[in-house]
Amino acid sequence: MSFDTPVRRRALLSGGAAVAAVPLLSACGATSRAAGTEPTGPPRRGGRLRVGVTGGGASDTLDPHIPATNPDIARVRNLYEPLLYRDHEYKLEMLVAESLTSSDDATRWTARLREGVRFSDGRPVTPADVIATFRRIMDPDDPKSGAASLTMLDEVVATGDSTVEFRLTEPSSVFDDYLAQYSLGIVPEDFSLDQPVGTGPFRLRSFTPGLQSVFVRNEHYWRPGQPHLDELVLLNFGEDDARLNALLSSQVDAIDQVPMALVEVLRSDERLRVLSSETGTWLPFTMRVDRPPFDDVRVRQALRLVVDREQMINQVLSGQGRPGNDLYAPFDPAYAADLPQRRRNLREARRLLREAGRQNLDVELVTAPIQAGAVEAAQVFQQQARAAGITVRLRRLDTTTFFGENYLSWDFAQSFWYTRNYLPQVASGALPDAPYNETHWDDAEFQDLVGRARRTLDADERTALLHEAQRIEYDRGGNIIWGFVNQVDAYQVYVGGFVPDRTGLPLSGYSFREIWIG
């Protein structure tokens with residue numbers, strides 16, 4: 001399979017992110033369970049897990065390669081698997097592939113498929129399936145979300161009964177990182193969304209967009225003894241109150257995205273457990289660098305200096321996070337931790353605005369409940385900016401409208417990103433042809449450094465280049481990255497198997513194969 005046509009920028013916005021109506025819990029036969037006791041001993045086989053998931057809507061999808069909302073991601077994580085992915089500690093873990101090795105010049109990468117891995121219909125995974133998967137992802141007429149990171153991929157060819165070779169147009173020392181994305185799940189050569197088949201721990205029983213998804217155990221799953229559950233039910237919730245009430249009344253067994261202000265309240269309930277994970281998730285304010293007033297770097301610098309990051313962490317996140325420094329990818333070994341921590345400096349912010357001729361700056365900030373803490377962060381920022389003489393007018397939208405036709409057009413808005421390493425994150429959101437370049441960042445010096453780093457095999461040389469690239473974003477980028485957010489979820493005391501997860505995905509990375517009912 002050859003990719004000789006440039007991958008075009010994806011037309012699909014993150015925008016299937018519609019807010020669903022509160023689902024009818026009775027639709028899945030849910031009944032209240034009496035408060036149980038904390039499970040002990042080895043995992044028990046059987047039972048049904050009912051999970052309340054934030055968001056979703058009429059555009060919910062089962063497509064493995066275009067997940068946009070939390071319910072989409074939860075479905076993808078349980079129906080499909082990529083060749084490799086990040087484990088709970090954010091370390092690379094082989095999944096459908098048992099190994100991935102590169103040539104000396106990093107232009108060819110060979111994946112050996114894991115023996116015994118079968119799709120949920122019982123068929124073994126073959127090199128032809130891997131080739132078909134990447135043909136689907138890289139389709140020039142309809143490139144999927146993962147295609148943005150794979151622009152160097154020229155072709156995928158079978159080199160044996162259980163091996164495939166990825167042939168690149170240029171060296172890529174971190175190609176394994178590019179492949180380790182949940183949106184790159186392996187599917188059969190004849191894949192159809194009408195009857196989706198994957199290698200994940202569950203298979204689909206029913207799917208009602210905007211309401212719920214029901215899955216049953218994949219009896220062909222390759223991990224011995226997993227999943228423990230007989231059935232998994234994902235229920236969409238558009239409102240925090242409805243999701244919390246469902247948990248408190250035992251109509252669901254677990255929920256994602258606990259509002260930060262309620263963490264201690266839930267911890268005090270002996271029927272519940274709170275799961276808090278340190279992550280690299282970030283909730284930036286995004287400034288379009290090609291539009292006034294944000295096309296003036298002095299305005300961008302001033303707005304970064306009005307932020308009291310510690311107050312953001314304490315007031316918005318109730319302490320469930322840590323300050324950011326206008327840089328992302330904190331778990332990447334090449335993270336530029338040596339750059340001075342940016343702190344609030346109202347005097348310097350006012351000086352910069354005077355110099356830019358924007359003494360009485362008045363801006364509109366578009367916000368929506370796209371992630372726990374997003375709207376609250378906008379409200380706190382509005383107050384902090386007022387102290388520097390800046391008027392910030394909040395325009396609150398629902399999630400559907402925010403991610404609608406104007407997404408990527410907002411002059412000043414917000415976003416959220418889960419944990420990624422630096423180069424994959426740049427490919428998704430910091431290059432002119434990135435699918436989600438929310439700040440319209442287009443810096444020739446930055447692009448040159450990133451391109452050279454991507455091709456550099458020596459780790460120390462690559463890190464030096466990436467430090468220079470991060471310095472540019474730190475000095476003149478379009479993101480205000482005020483903090484990294486802990487992922488906080490909650491579940492009933494009788495549920496076992498949840499552990500902290502650094503990927504940023506809720507509820508142990510939505511890895512429900514490990515969960516069991518006590």
# chains A, B, ... in the order shown; residues from 1 in each chain; ligands from 1
>>> residues_around(residues="stretch 178-190 of chain A", least_positions_apart="3", cutoff="9 Å", atoms="only C-alpha atoms", output="number ranges by chain")
A: 64-67, 73, 76-77, 79-86, 92-94, 96, 119, 123, 125-126, 128-134, 137, 144-146, 149-150, 174-175, 196-200, 423-424
>>> write_last_selection(atoms="C-alpha atoms", output="mmCIF file, in the first residue's frame")
data_model
loop_
_atom_site.group_PDB
_atom_site.id
_atom_site.type_symbol
_atom_site.label_atom_id
_atom_site.label_comp_id
_atom_site.auth_asym_id
_atom_site.auth_seq_id
_atom_site.Cartn_x
_atom_site.Cartn_y
_atom_site.Cartn_z
ATOM 1 C CA PRO A 64 -12.238 3.628 15.504
ATOM 2 C CA HIS A 65 -10.338 6.375 13.709
ATOM 3 C CA ILE A 66 -12.285 9.581 14.423
ATOM 4 C CA PRO A 67 -13.170 9.611 18.146
ATOM 5 C CA ILE A 73 -13.058 7.540 23.129
ATOM 6 C CA VAL A 76 -12.839 3.044 20.893
ATOM 7 C CA ARG A 77 -10.742 1.988 23.882
ATOM 8 C CA LEU A 79 -13.800 -2.201 20.930
ATOM 9 C CA TYR A 80 -10.429 -1.742 19.255
ATOM 10 C CA GLU A 81 -6.692 -1.741 19.967
ATOM 11 C CA PRO A 82 -3.728 -0.131 18.160
ATOM 12 C CA LEU A 83 -0.434 -1.879 17.601
ATOM 13 C CA LEU A 84 0.844 -0.294 20.810
ATOM 14 C CA TYR A 85 -0.344 2.246 23.347
ATOM 15 C CA ARG A 86 0.572 3.885 26.650
ATOM 16 C CA LEU A 92 4.758 2.243 25.752
ATOM 17 C CA GLU A 93 3.068 -1.163 25.839
ATOM 18 C CA MET A 94 2.783 -3.583 22.928
ATOM 19 C CA VAL A 96 -1.700 -6.071 18.691
ATOM 20 C CA PHE A 119 -10.887 -10.066 16.060
ATOM 21 C CA ARG A 123 -10.703 -14.292 12.668
ATOM 22 C CA VAL A 125 -5.295 -10.538 12.627
ATOM 23 C CA THR A 126 -3.132 -10.617 9.508
ATOM 24 C CA ALA A 128 -3.459 -7.502 5.252
ATOM 25 C CA ASP A 129 -5.659 -6.147 8.045
ATOM 26 C CA VAL A 130 -2.911 -3.803 9.249
ATOM 27 C CA ILE A 131 -2.345 -2.556 5.713
ATOM 28 C CA ALA A 132 -6.091 -1.981 5.238
ATOM 29 C CA THR A 133 -6.288 -0.139 8.565
ATOM 30 C CA PHE A 134 -3.642 2.401 7.592
ATOM 31 C CA ILE A 137 -6.633 6.203 8.135
ATOM 32 C CA LYS A 144 -8.806 10.289 9.755
ATOM 33 C CA SER A 145 -7.617 12.142 12.855
ATOM 34 C CA GLY A 146 -4.439 10.066 13.236
ATOM 35 C CA SER A 149 0.912 12.525 12.780
ATOM 36 C CA LEU A 150 1.762 10.155 9.948
ATOM 37 C CA VAL A 174 9.811 8.555 17.450
ATOM 38 C CA PHE A 175 7.550 6.767 14.967
ATOM 39 C CA PRO A 196 -17.795 -3.025 13.809
ATOM 40 C CA VAL A 197 -15.176 -5.623 14.609
ATOM 41 C CA GLY A 198 -11.967 -5.072 16.546
ATOM 42 C CA THR A 199 -9.486 -6.821 18.828
ATOM 43 C CA GLY A 200 -10.570 -5.036 22.010
ATOM 44 C CA LEU A 423 6.035 15.823 18.652
ATOM 45 C CA PRO A 424 2.649 14.035 18.397
#
>>> residues_around(residues="A:Leu113", least_positions_apart="2", cutoff="9 Å", atoms="only C-alpha atoms", output="PyMOL selection string")
chain A and resi 83+95-99+111+115-117+125-127+162-164
>>> closest_residue(among="A:Asn421, A:Ser409, A:Ser415, A:Ser102", to="A:Ala329", atoms="only C-alpha atoms")
A:Asn421
>>> atom_distance(atom1="atom CA of A:Met312", atom2="atom CA of A:Ile481")
11.0 Å
>>> residues_around(residues="stretch 487-494 of chain A", least_positions_apart="4", cutoff="7 Å", atoms="only C-alpha atoms", output="PDB file with N, CA and C atoms, in the first residue's frame")
ATOM      1  N   GLY A  36     -22.446  -1.761  48.642  1.00  0.00           N
ATOM      2  CA  GLY A  36     -21.709  -2.976  48.899  1.00  0.00           C
ATOM      3  C   GLY A  36     -20.478  -2.707  49.736  1.00  0.00           C
ATOM      4  N   THR A  37     -19.584  -3.673  49.774  1.00  0.00           N
ATOM      5  CA  THR A  37     -18.337  -3.532  50.503  1.00  0.00           C
ATOM      6  C   THR A  37     -17.189  -3.559  49.510  1.00  0.00           C
ATOM      7  N   GLU A  38     -16.059  -3.037  49.947  1.00  0.00           N
ATOM      8  CA  GLU A  38     -14.896  -2.971  49.073  1.00  0.00           C
ATOM      9  C   GLU A  38     -14.443  -4.377  48.716  1.00  0.00           C
ATOM     10  N   PRO A  39     -14.214  -4.659  47.428  1.00  0.00           N
ATOM     11  CA  PRO A  39     -13.847  -6.021  47.019  1.00  0.00           C
ATOM     12  C   PRO A  39     -12.448  -6.393  47.494  1.00  0.00           C
ATOM     13  N   ASP A 253     -22.468   2.654  38.156  1.00  0.00           N
ATOM     14  CA  ASP A 253     -21.410   2.147  39.031  1.00  0.00           C
ATOM     15  C   ASP A 253     -20.171   3.037  39.047  1.00  0.00           C
ATOM     16  N   ALA A 254     -20.031   3.898  38.040  1.00  0.00           N
ATOM     17  CA  ALA A 254     -18.865   4.782  37.957  1.00  0.00           C
ATOM     18  C   ALA A 254     -19.217   5.958  37.064  1.00  0.00           C
ATOM     19  N   ILE A 255     -18.566   7.095  37.320  1.00  0.00           N
ATOM     20  CA  ILE A 255     -18.718   8.265  36.462  1.00  0.00           C
ATOM     21  C   ILE A 255     -17.350   8.885  36.226  1.00  0.00           C
ATOM     22  N   ASP A 256     -17.221   9.541  35.078  1.00  0.00           N
ATOM     23  CA  ASP A 256     -16.011  10.313  34.825  1.00  0.00           C
ATOM     24  C   ASP A 256     -16.263  11.788  35.136  1.00  0.00           C
ATOM     25  N   GLN A 257     -15.186  12.557  35.171  1.00  0.00           N
ATOM     26  CA  GLN A 257     -15.264  14.019  35.258  1.00  0.00           C
ATOM     27  C   GLN A 257     -16.042  14.530  36.477  1.00  0.00           C
ATOM     28  N   VAL A 258     -15.580  14.190  37.658  1.00  0.00           N
ATOM     29  CA  VAL A 258     -16.189  14.731  38.876  1.00  0.00           C
ATOM     30  C   VAL A 258     -15.882  16.226  38.967  1.00  0.00           C
ATOM     31  N   ARG A 271     -19.920   5.098  50.709  1.00  0.00           N
ATOM     32  CA  ARG A 271     -20.360   4.205  49.632  1.00  0.00           C
ATOM     33  C   ARG A 271     -19.525   4.376  48.370  1.00  0.00           C
ATOM     34  N   LEU A 272     -18.699   5.427  48.311  1.00  0.00           N
ATOM     35  CA  LEU A 272     -18.024   5.800  47.079  1.00  0.00           C
ATOM     36  C   LEU A 272     -16.515   5.837  47.253  1.00  0.00           C
ATOM     37  N   ARG A 273     -15.827   5.783  46.127  1.00  0.00           N
ATOM     38  CA  ARG A 273     -14.394   5.990  46.087  1.00  0.00           C
ATOM     39  C   ARG A 273     -14.089   7.016  44.996  1.00  0.00           C
ATOM     40  N   VAL A 274     -13.131   7.901  45.279  1.00  0.00           N
ATOM     41  CA  VAL A 274     -12.703   8.914  44.313  1.00  0.00           C
ATOM     42  C   VAL A 274     -11.351   8.507  43.750  1.00  0.00           C
ATOM     43  N   LEU A 275     -11.222   8.568  42.428  1.00  0.00           N
ATOM     44  CA  LEU A 275      -9.985   8.205  41.740  1.00  0.00           C
ATOM     45  C   LEU A 275      -9.361   9.472  41.169  1.00  0.00           C
ATOM     46  N   SER A 276      -8.194   9.849  41.671  1.00  0.00           N
ATOM     47  CA  SER A 276      -7.501  11.039  41.198  1.00  0.00           C
ATOM     48  C   SER A 276      -6.175  10.626  40.569  1.00  0.00           C
ATOM     49  N   SER A 277      -5.942  11.082  39.344  1.00  0.00           N
ATOM     50  CA  SER A 277      -4.734  10.716  38.606  1.00  0.00           C
ATOM     51  C   SER A 277      -3.987  11.964  38.173  1.00  0.00           C
ATOM     52  N   GLU A 278      -2.683  11.997  38.445  1.00  0.00           N
ATOM     53  CA  GLU A 278      -1.847  13.080  37.929  1.00  0.00           C
ATOM     54  C   GLU A 278      -1.625  12.841  36.437  1.00  0.00           C
ATOM     55  N   THR A 279      -1.898  13.853  35.629  1.00  0.00           N
ATOM     56  CA  THR A 279      -1.842  13.687  34.179  1.00  0.00           C
ATOM     57  C   THR A 279      -1.102  14.845  33.522  1.00  0.00           C
ATOM     58  N   GLY A 504      -4.378  10.731  31.050  1.00  0.00           N
ATOM     59  CA  GLY A 504      -5.371  11.790  31.068  1.00  0.00           C
ATOM     60  C   GLY A 504      -6.772  11.303  30.758  1.00  0.00           C
ATOM     61  N   PRO A 506     -10.153   9.417  31.373  1.00  0.00           N
ATOM     62  CA  PRO A 506     -10.818   9.118  32.643  1.00  0.00           C
ATOM     63  C   PRO A 506     -10.879   7.623  32.958  1.00  0.00           C
ATOM     64  N   LEU A 507     -11.173   7.358  34.238  1.00  0.00           N
ATOM     65  CA  LEU A 507     -11.470   6.009  34.718  1.00  0.00           C
ATOM     66  C   LEU A 507     -10.440   4.986  34.236  1.00  0.00           C
ATOM     67  N   ILE A 517     -16.709  -6.496  39.398  1.00  0.00           N
ATOM     68  CA  ILE A 517     -17.731  -6.190  40.403  1.00  0.00           C
ATOM     69  C   ILE A 517     -17.565  -7.129  41.586  1.00  0.00           C
ATOM     70  N   GLY A 518     -17.400  -6.550  42.787  1.00  0.00           N
ATOM     71  CA  GLY A 518     -17.212  -7.359  43.981  1.00  0.00           C
ATOM     72  C   GLY A 518     -18.527  -7.919  44.500  1.00  0.00           C
TER      73      GLY A 518
END
>>> residues_around(residues="A:Asp240", least_positions_apart="2", cutoff="9 Å", atoms="only C-alpha atoms", output="list in words")
Thr54, Phe237, Gly238, Ala242, Arg243, Leu244, Asn245, Gln257, Val258 and Pro259 of chain A
>>> atom_distance(atom1="atom CA of A:Val307", atom2="atom CA of A:Arg344")
5.6 Å
>>> select_by_dssp(residues="stretch 121-251 of chain A", states="strand (DSSP E or B)", output="ChimeraX atom specification")
/A:124,153-158,163-168,202-208,212-217,231-237
>>> write_last_selection(atoms="N, CA and C atoms", output="compact mmCIF listing (two decimals), in the first residue's frame")
# COMPACT_ATOMS: atom_id res chain seq x y z
N PRO A 124 -8.27 -14.39 12.79
CA PRO A 124 -6.96 -13.90 13.23
C PRO A 124 -6.59 -12.60 12.53
N LEU A 153 4.60 8.81 6.42
CA LEU A 153 4.36 7.42 6.06
C LEU A 153 4.13 7.31 4.55
N ASP A 154 4.98 6.52 3.87
CA ASP A 154 4.88 6.35 2.43
C ASP A 154 4.05 5.11 2.08
N GLU A 155 4.38 3.99 2.71
CA GLU A 155 3.63 2.77 2.43
C GLU A 155 3.79 1.77 3.57
N VAL A 156 2.84 0.84 3.62
CA VAL A 156 2.89 -0.27 4.57
C VAL A 156 2.84 -1.54 3.75
N VAL A 157 3.79 -2.43 3.95
CA VAL A 157 3.86 -3.66 3.15
C VAL A 157 4.02 -4.86 4.07
N ALA A 158 3.47 -5.98 3.63
CA ALA A 158 3.67 -7.23 4.36
C ALA A 158 5.05 -7.78 4.03
N THR A 163 4.42 -10.16 9.85
CA THR A 163 5.17 -8.91 9.95
C THR A 163 4.73 -7.92 8.86
N VAL A 164 4.76 -6.65 9.24
CA VAL A 164 4.52 -5.57 8.28
C VAL A 164 5.62 -4.54 8.46
N GLU A 165 5.93 -3.86 7.36
CA GLU A 165 6.97 -2.83 7.41
C GLU A 165 6.37 -1.49 7.04
N PHE A 166 6.62 -0.50 7.89
CA PHE A 166 6.21 0.87 7.63
C PHE A 166 7.39 1.58 6.99
N ARG A 167 7.21 2.03 5.75
CA ARG A 167 8.28 2.68 5.00
C ARG A 167 8.00 4.18 4.96
N LEU A 168 8.97 4.96 5.41
CA LEU A 168 8.79 6.39 5.60
C LEU A 168 9.56 7.19 4.55
N PHE A 202 -14.07 -6.07 24.41
CA PHE A 202 -15.52 -6.20 24.30
C PHE A 202 -15.95 -6.13 22.84
N ARG A 203 -17.14 -6.65 22.59
CA ARG A 203 -17.77 -6.50 21.28
C ARG A 203 -19.12 -5.83 21.46
N LEU A 204 -19.60 -5.23 20.39
CA LEU A 204 -20.80 -4.42 20.46
C LEU A 204 -22.06 -5.28 20.51
N ARG A 205 -22.97 -4.89 21.42
CA ARG A 205 -24.31 -5.48 21.42
C ARG A 205 -25.32 -4.49 20.85
N SER A 206 -25.28 -3.22 21.32
CA SER A 206 -26.21 -2.22 20.80
C SER A 206 -25.61 -0.84 20.97
N PHE A 207 -26.10 0.10 20.15
CA PHE A 207 -25.56 1.46 20.14
C PHE A 207 -26.67 2.43 19.77
N THR A 208 -26.95 3.37 20.68
CA THR A 208 -27.92 4.43 20.44
C THR A 208 -27.19 5.76 20.59
N GLN A 212 -26.74 5.66 24.79
CA GLN A 212 -25.99 4.60 25.45
C GLN A 212 -25.40 3.62 24.45
N SER A 213 -24.42 2.89 24.95
CA SER A 213 -23.77 1.82 24.18
C SER A 213 -23.65 0.62 25.10
N VAL A 214 -23.96 -0.56 24.57
CA VAL A 214 -23.89 -1.79 25.36
C VAL A 214 -22.92 -2.75 24.69
N PHE A 215 -22.01 -3.32 25.50
CA PHE A 215 -20.99 -4.23 25.01
C PHE A 215 -21.00 -5.51 25.84
N VAL A 216 -20.59 -6.60 25.23
CA VAL A 216 -20.43 -7.86 25.94
C VAL A 216 -19.00 -8.35 25.77
N ARG A 217 -18.62 -9.30 26.58
CA ARG A 217 -17.26 -9.81 26.56
C ARG A 217 -16.89 -10.36 25.18
N GLU A 231 -20.66 -7.72 30.82
CA GLU A 231 -21.32 -6.66 30.06
C GLU A 231 -20.82 -5.30 30.53
N LEU A 232 -20.73 -4.38 29.57
CA LEU A 232 -20.33 -3.00 29.83
C LEU A 232 -21.39 -2.09 29.21
N VAL A 233 -21.90 -1.14 30.00
CA VAL A 233 -22.89 -0.19 29.52
C VAL A 233 -22.34 1.22 29.71
N LEU A 234 -22.24 1.97 28.61
CA LEU A 234 -21.81 3.37 28.66
C LEU A 234 -23.03 4.25 28.44
N LEU A 235 -23.29 5.16 29.39
CA LEU A 235 -24.43 6.06 29.31
C LEU A 235 -23.96 7.49 29.17
N ASN A 236 -24.49 8.21 28.20
CA ASN A 236 -24.12 9.61 27.98
C ASN A 236 -24.85 10.51 28.99
N PHE A 237 -24.10 11.47 29.53
CA PHE A 237 -24.69 12.49 30.40
C PHE A 237 -24.17 13.85 29.97
>>> residues_around(residues="stretch 457-463 of chain A", least_positions_apart="3", cutoff="7 Å", atoms="only C-alpha atoms", output="JSON, numbers by chain")
{"A": [173, 334, 453, 466, 467]}
>>> residues_around(residues="A:Arg354", least_positions_apart="6", cutoff="12 Å", atoms="only C-alpha atoms", output="PyMOL selection string")
chain A and resi 298-299+302+347-348+360-361+388-390
>>> write_last_selection(atoms="C-alpha atoms", output="PDB file, in the first residue's frame")
ATOM      1  CA  ARG A 298       3.046  41.889  23.238  1.00  0.00           C
ATOM      2  CA  VAL A 299      -0.678  41.357  23.781  1.00  0.00           C
ATOM      3  CA  ALA A 302       0.578  40.467  28.573  1.00  0.00           C
ATOM      4  CA  ARG A 347       3.091  45.918  36.046  1.00  0.00           C
ATOM      5  CA  GLU A 348       4.832  44.242  33.114  1.00  0.00           C
ATOM      6  CA  ASN A 360      -7.851  49.593  27.479  1.00  0.00           C
ATOM      7  CA  LEU A 361      -7.900  46.112  26.017  1.00  0.00           C
ATOM      8  CA  ALA A 388      -4.622  44.759  34.811  1.00  0.00           C
ATOM      9  CA  GLY A 389      -7.313  46.987  33.317  1.00  0.00           C
ATOM     10  CA  ILE A 390      -8.354  44.351  30.763  1.00  0.00           C
TER      11      ILE A 390
END
>>> select_by_dssp(residues="stretch 187-404 of chain A", states="alpha helix (DSSP H)", output="VMD selection string")
chain A and resid 240 to 248 263 to 267 297 to 305 309 to 311 346 to 355 374 to 386 399 to 402
>>> residues_around(residues="A:Pro42", least_positions_apart="3", cutoff="12 Å", atoms="only C-alpha atoms", output="list in words")
Pro39, Arg45, Gly225, His228, Gly496, Gly497, Glu514, Ile515, Trp516, Ile517 and Gly518 of chain A
>>> write_last_selection(atoms="C-alpha atoms", output="PDB file, in the first residue's frame")
ATOM      1  CA  PRO A  39     -13.847  -6.021  47.019  1.00  0.00           C
ATOM      2  CA  ARG A  45     -15.668 -12.958  36.670  1.00  0.00           C
ATOM      3  CA  GLY A 225      -8.801 -14.114  31.955  1.00  0.00           C
ATOM      4  CA  HIS A 228     -13.686  -9.844  33.898  1.00  0.00           C
ATOM      5  CA  GLY A 496     -12.612  -3.227  41.828  1.00  0.00           C
ATOM      6  CA  GLY A 497      -9.710  -2.682  39.450  1.00  0.00           C
ATOM      7  CA  GLU A 514      -9.430  -4.716  34.172  1.00  0.00           C
ATOM      8  CA  ILE A 515     -12.568  -3.799  36.129  1.00  0.00           C
ATOM      9  CA  TRP A 516     -14.694  -6.202  38.140  1.00  0.00           C
ATOM     10  CA  ILE A 517     -17.731  -6.190  40.403  1.00  0.00           C
ATOM     11  CA  GLY A 518     -17.212  -7.359  43.981  1.00  0.00           C
TER      12      GLY A 518
END
